[in-house]
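Input: a single structure, listed below in structure tokens.
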Amino acid sequence: MPDEQAQQLQSNEERTQHLIDYLGELWRRPHEPSPETLKRVTEFVMGLPEEYRAMGLKAIAEHLVNNMSLHILDVVATFQKEAEQEGIDAEEREGTLEDVMPETFQTLTELSGQVSVKSMSDLVNLSNITIGLYGLYQVDSAEDAQSVMYTLPLLYREQLTQRSLILHLTSKEVAHNPPLKPPVVYVTKNLEEDKSQSILGLPQESSQKLAGTKMIEVVATTGTSKITSAKPKASGASDKLAFVA
């Protein structure tokens with residue numbers, strides 16, 4: 001009996017891996033909406049009667065939030081894949097995953113059901129937050145991923161809440177998501193640009209040119225917290241995002 005169970009388990013694992021490999025190939029085919037498609041859909045949705053417009057905006061908003069959810073899961077997957085090779089011992093690996101998994105999945109589940117976009121201004125703000133944090137929180141090592149795993153899910157939720165893009169939270173939910181510790185943001189900008197330009201539409205407290213790079217260190221406050229990045233983005237990019245009231 002134990003041998004049969006082991007064989008069945010191995011067979012299930014092999015089948016699962018086969019299906020994952022198949023999906024990996026299938027997903028190479030075009031299936032994600034392009035920027036042009038999203039623009040065309042948004043233009044169409046904004047011309048609909050209010051009832052249908054609300055449904056269309058919700059679909060676009062959930063697409064953005066789901067993309068961030070996949071990015072957060074990819075950060076966790078990067079940690080799991082690279083941690084052992086980077087010398088992080090088994091106890092720390094297991095402890096980190098045990099710490100972040102319940103919180104991460106609860107936050108992602110809540111965000112998917114609670115995102116609320118009722119106007120073009122809301123959609124612009126949601127896009128700015130999602131795309132801005134997605135760009136800031138790119139990781140390529142377990143060390144980077146370990147920091148981001150603890151920070152990004154709650155920070156994303158907090159940013160959406162501050163812009164009233166999350167449905168009303170109960171007192172229990174608010175207590176479950178306390179303010180984050182103030183960190184530092186690294187944003188790639190052209191040095192010739194006006195340093196008073198706010199990042200993600202937030203007031204800029206200070207900026208400092210980093211010698212020998214095209215990087216500007218920016219400390220940007222967001223009320224109860226500050227945005228942070230585990231490491232600077234690749235040089236050459238430029239952030240010029242602003243919120244809409």
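For the structure tokens, the naming scheme is as follows: chains receive sequential letters (A, B, ...) according to their order of presentation, residues are indexed from 1 within each chain, and ligands are indexed from 1 in presentation order.
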
field: Polymer residues at most 12 Å from Met68 (chain A), only C-alpha atoms, same-chain spacing of 3 or more positions, as JSON, numbers by chain
entry: {"A": [61, 62, 63, 64, 65, 71, 72, 73, 74, 75, 104, 107, 108, 109, 111, 112, 126, 127, 129, 130, 131, 132, 133, 134, 135, 137, 138, 152, 153, 155, 156, 157]}

query: Residues at most 10 Å from region 95-99 of chain A, counting only C-alpha atoms, excluding those fewer than 4 positions away in the same chain, as a ChimeraX atom specification?
result: /A:76,79-80,90-91,103-104,146,149-150

Limited to C-alpha atoms, could you put the picked residues into a file as a PDB file, in the first residue's frame?
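Written output follows (out_4.pdb):
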ATOM      1  CA  VAL A  76       7.655  35.085  -3.169  1.00  0.00           C
ATOM      2  CA  PHE A  79      12.675  34.029  -2.758  1.00  0.00           C
ATOM      3  CA  GLN A  80      11.802  30.337  -2.600  1.00  0.00           C
ATOM      4  CA  ALA A  90      16.373  26.153   5.805  1.00  0.00           C
ATOM      5  CA  GLU A  91      15.053  27.464   9.126  1.00  0.00           C
ATOM      6  CA  GLU A 103      -0.721  37.889   5.406  1.00  0.00           C
ATOM      7  CA  THR A 104       0.079  38.023   1.711  1.00  0.00           C
ATOM      8  CA  GLN A 146      12.751  38.823   1.356  1.00  0.00           C
ATOM      9  CA  MET A 149       7.614  40.232   0.597  1.00  0.00           C
ATOM     10  CA  TYR A 150       7.052  41.875   3.964  1.00  0.00           C
TER      11      TYR A 150
END

message: With only C-alpha atoms as the counted atoms, please give the residues lying no more than 10 Å from region 40-42 of chain A, apart from itself and same-chain residues fewer than 6 positions off, as an MDAnalysis selection string.
response: chainID A and resid 33:34 53 56:57 60 120 123

File of the preceding selection, N, CA and C atoms, as an mmCIF file, in the first residue's frame:
data_model
loop_
_atom_site.group_PDB
_atom_site.id
_atom_site.type_symbol
_atom_site.label_atom_id
_atom_site.label_comp_id
_atom_site.auth_asym_id
_atom_site.auth_seq_id
_atom_site.Cartn_x
_atom_site.Cartn_y
_atom_site.Cartn_z
ATOM 1 N N PRO A 33 -3.993 41.780 -22.725
ATOM 2 C CA PRO A 33 -4.357 43.018 -23.428
ATOM 3 C C PRO A 33 -3.168 43.961 -23.533
ATOM 4 N N SER A 34 -2.939 44.486 -24.713
ATOM 5 C CA SER A 34 -1.849 45.443 -24.929
ATOM 6 C C SER A 34 -2.264 46.812 -24.405
ATOM 7 N N ARG A 53 -20.922 51.323 -17.458
ATOM 8 C CA ARG A 53 -19.616 51.953 -17.287
ATOM 9 C C ARG A 53 -18.976 51.499 -15.976
ATOM 10 N N GLY A 56 -17.610 48.061 -16.437
ATOM 11 C CA GLY A 56 -16.399 48.079 -17.254
ATOM 12 C C GLY A 56 -15.199 48.588 -16.488
ATOM 13 N N LEU A 57 -15.385 49.667 -15.718
ATOM 14 C CA LEU A 57 -14.285 50.208 -14.922
ATOM 15 C C LEU A 57 -13.820 49.201 -13.881
ATOM 16 N N ILE A 60 -11.538 46.648 -15.558
ATOM 17 C CA ILE A 60 -10.196 47.186 -15.807
ATOM 18 C C ILE A 60 -9.414 47.275 -14.501
ATOM 19 N N MET A 120 -12.794 58.166 -14.100
ATOM 20 C CA MET A 120 -11.496 58.181 -14.763
ATOM 21 C C MET A 120 -10.401 58.600 -13.798
ATOM 22 N N LEU A 123 -9.372 55.635 -11.905
ATOM 23 C CA LEU A 123 -8.604 54.710 -12.735
ATOM 24 C C LEU A 123 -7.176 55.197 -12.932
#

message: Taking 5 positions as the minimum chain separation for residues in the same chain, which residues sit within 9 Å of region 85-89 of chain A when counting only C-alpha atoms? Answer as a PyMOL selection string.
response: chain A and resi 94+141-143

For the residues in that selection, give me N, CA and C atoms as a short mmCIF file (atom, residue, chain, number, x, y, z; two decimals), in the first residue's frame.
data_model
loop_
_atom_site.label_atom_id
_atom_site.label_comp_id
_atom_site.auth_asym_id
_atom_site.auth_seq_id
_atom_site.Cartn_x
_atom_site.Cartn_y
_atom_site.Cartn_z
N GLU A 94 12.01 28.68 5.81
CA GLU A 94 10.69 28.23 6.25
C GLU A 94 10.01 29.28 7.12
N SER A 141 16.88 38.66 -6.66
CA SER A 141 17.60 37.83 -5.69
C SER A 141 16.69 37.55 -4.51
N ALA A 142 17.01 36.51 -3.75
CA ALA A 142 16.23 36.17 -2.57
C ALA A 142 16.34 37.27 -1.51
N GLU A 143 17.52 37.88 -1.42
CA GLU A 143 17.72 38.95 -0.43
C GLU A 143 16.78 40.11 -0.69
#

- line: re CA of Pro102 (chain A) and CA of Gln114 (chain A): distance 18.1 Å
